[in-house]
Amino acid sequence: MRRQARLGVTDPGSGLGSLRDLRRAVPHRRDFRMISQDVVNRIIRFHGGRFPVISMYLGIGPDKSARSQVASLLRQIEPLSEDQSLDHDVRLSVRTDRQRIEDLAREERLQPGGLGIFACSGNGLFEQVSLPRPVRDRIVVDAKPWVRPMLAVLDEYHRMCVVLVDKAWAQVWELYLGEIREITQIKDPALRKPDFAGGMAEYRVRNKADELSKRHYRRVGSVLDELLRTERFDVVALGGHPHEMTAVTGFLSRDVAARVAGTFAVDPDTATVADIRRSAEAVMDRYERHEEQRLVDEIFEAAAEGRPAAIGLEPCLWAGSVAAVQHLVIDDGPAVPGVVCDESGWLGASGRQCPLCGQPTRETPDVLDELAEFVVEEGGAVKHVADNSQLRSHRVAGKLRFPLPPAPQL
């Protein structure tokens with residue numbers, strides 16, 4: 001079971017005595033990290049201990065002032081830095097975090113898009129994570145970073161292998177987090193158009209051309225199979241003339257073919273990088289919406305048929321408490337307050353005392369964020385879903401590993 005320190009517990013061993021000392025203790029890092037699973041894993045494992053963690057999300061538009069956005073959000077937590085019930089060094093940590101976030105908004109030219117800021121000066125954290133799309137402005141103070149909005153963004157982006165192919169040439173790109181980069185080109189011999197027509201000569205030339213094309217398509221399939229193992233692509237998109245995409249499909253390995261998310265028709269001779277990216281993103285968007293709906297349908301069908309599944313907040317919180325969730329889907333909506341027992345791992349919508357062990361519970365600004373972390377820690381998967389009418393009224397649903405035992409009485 002997880003045990004977490006509660007805020008406000010006195011620690012006489014702290015050596016942080018002044019604002020100047022605290023600023024020296026935490027190096028001022030200016031690097032912006034693009035969101036990735038490694039970054040998320042590092043942040044999700046962080047715990048502030050006695051010190052509060054500030055999690056701030058900004059949606060930065062071309063016509064919005066990041067400085068005014070930050071000032072508005074920081075006003076919401078201003079009382080915390082003056083709360084006399086907290087130890088001096090805890091208040092000091094909050095003041096330092098506020099100042100550093102203000103300095104960031106004032107000094108940095110923040111690009112349009114999304115930004116996540118995670119700060120806990122008292123325990124050595126100050127992370128700035130660039131997000132590939134705008135997010136809602138919000139701020140949360142808790143013992144741990146609030147990562148659900150970041151997870152929701154990461155869930156939207158698979159690593160896609162984009163292949164533009166014709167009969168003698170292919171270009172392979174990687175599309176990830178809104179960025180596209182070329183990986184390799186594959187060029188093979190092709191016959192020039194003959195200057196004669198008809199007869200056996202033309203027949204032999206066509207056969208030779210077909211053989212060269214098949215050899216090329218076979219090589220493309222082999223290269224994609226190798227890239228799938230080394231680059232760990234999630235999905236594949238094929239582009240080009242329809243008849244050439246159909247031809248190369250027959251030379252794909254079973255693993256590569258299973259990851260083909262869709263195709264897009266373009267002329268390889270005239271398509272620009274912007275054309276390729278736009279077409280591949282359209283394939284990705286259709287694939288994502290289809291996968292989200294498929295997963296939601298599977299969970300609701302399992303519940304209707306009496307197979308292990310949980311629909312709604314209370315059942316899913318109980319399922320997370322007993323590590324029963326195999327796959328969780330969460331509506332990408334506002335935060336849901338709740339409580340957590342750090343002794344037993346119980347999650348609830350409310351309650352001052354844990355029904356399992358009798359210990360006091362800890363309030364959390366977003367119990368779905370806690371649930372998502374529990375599921376990931378127990379080897380389950382979490383998917384954030386936007387604009388799904390079937391899920392919206394329930395907020396959360398899960399496919400379970402086993403039927404739930406009876407829930408405790410509150």
# chains A, B, ... in the order shown; residues from 1 in each chain; ligands from 1

call {"tool": "residues_around", "arguments": {"residues": "Leu164 in chain A", "least_positions_apart": "6", "cutoff": "12 Å", "atoms": "only C-alpha atoms", "output": "PyMOL selection string"}}
result
chain A and resi 170-174+182-187+217+220+224+236-242+244-245+248+263-273+275-277+279-280

call {"tool": "residues_around", "arguments": {"residues": "Cys354 in chain A", "least_positions_apart": "3", "cutoff": "10 Å", "atoms": "only C-alpha atoms", "output": "PyMOL selection string"}}
result
chain A and resi 339-348+350-351+357-362+408+410

call {"tool": "residues_around", "arguments": {"residues": "Ser68 in chain A", "least_positions_apart": "4", "cutoff": "12 Å", "atoms": "only C-alpha atoms", "output": "PyMOL selection string"}}
result
chain A and resi 58+60+63-64+72-75+101-102+105-106+137

call {"tool": "select_by_dssp", "arguments": {"residues": "range 102-322 of chain A", "states": "strand (DSSP E)", "output": "PyMOL selection string"}}
result
chain A and resi 113-120+125-131+138-142+160-165+169-176+179-187+235-240+260-265+309-311

call {"tool": "residues_around", "arguments": {"residues": "Leu175 in chain A", "least_positions_apart": "2", "cutoff": "8 Å", "atoms": "only C-alpha atoms", "output": "list in words"}}
result
Arg159, Met160, Cys161, Val162, Trp173, Leu177, Gly178, Glu179, Ile180, Arg181, Arg277 and Ala280 of chain A
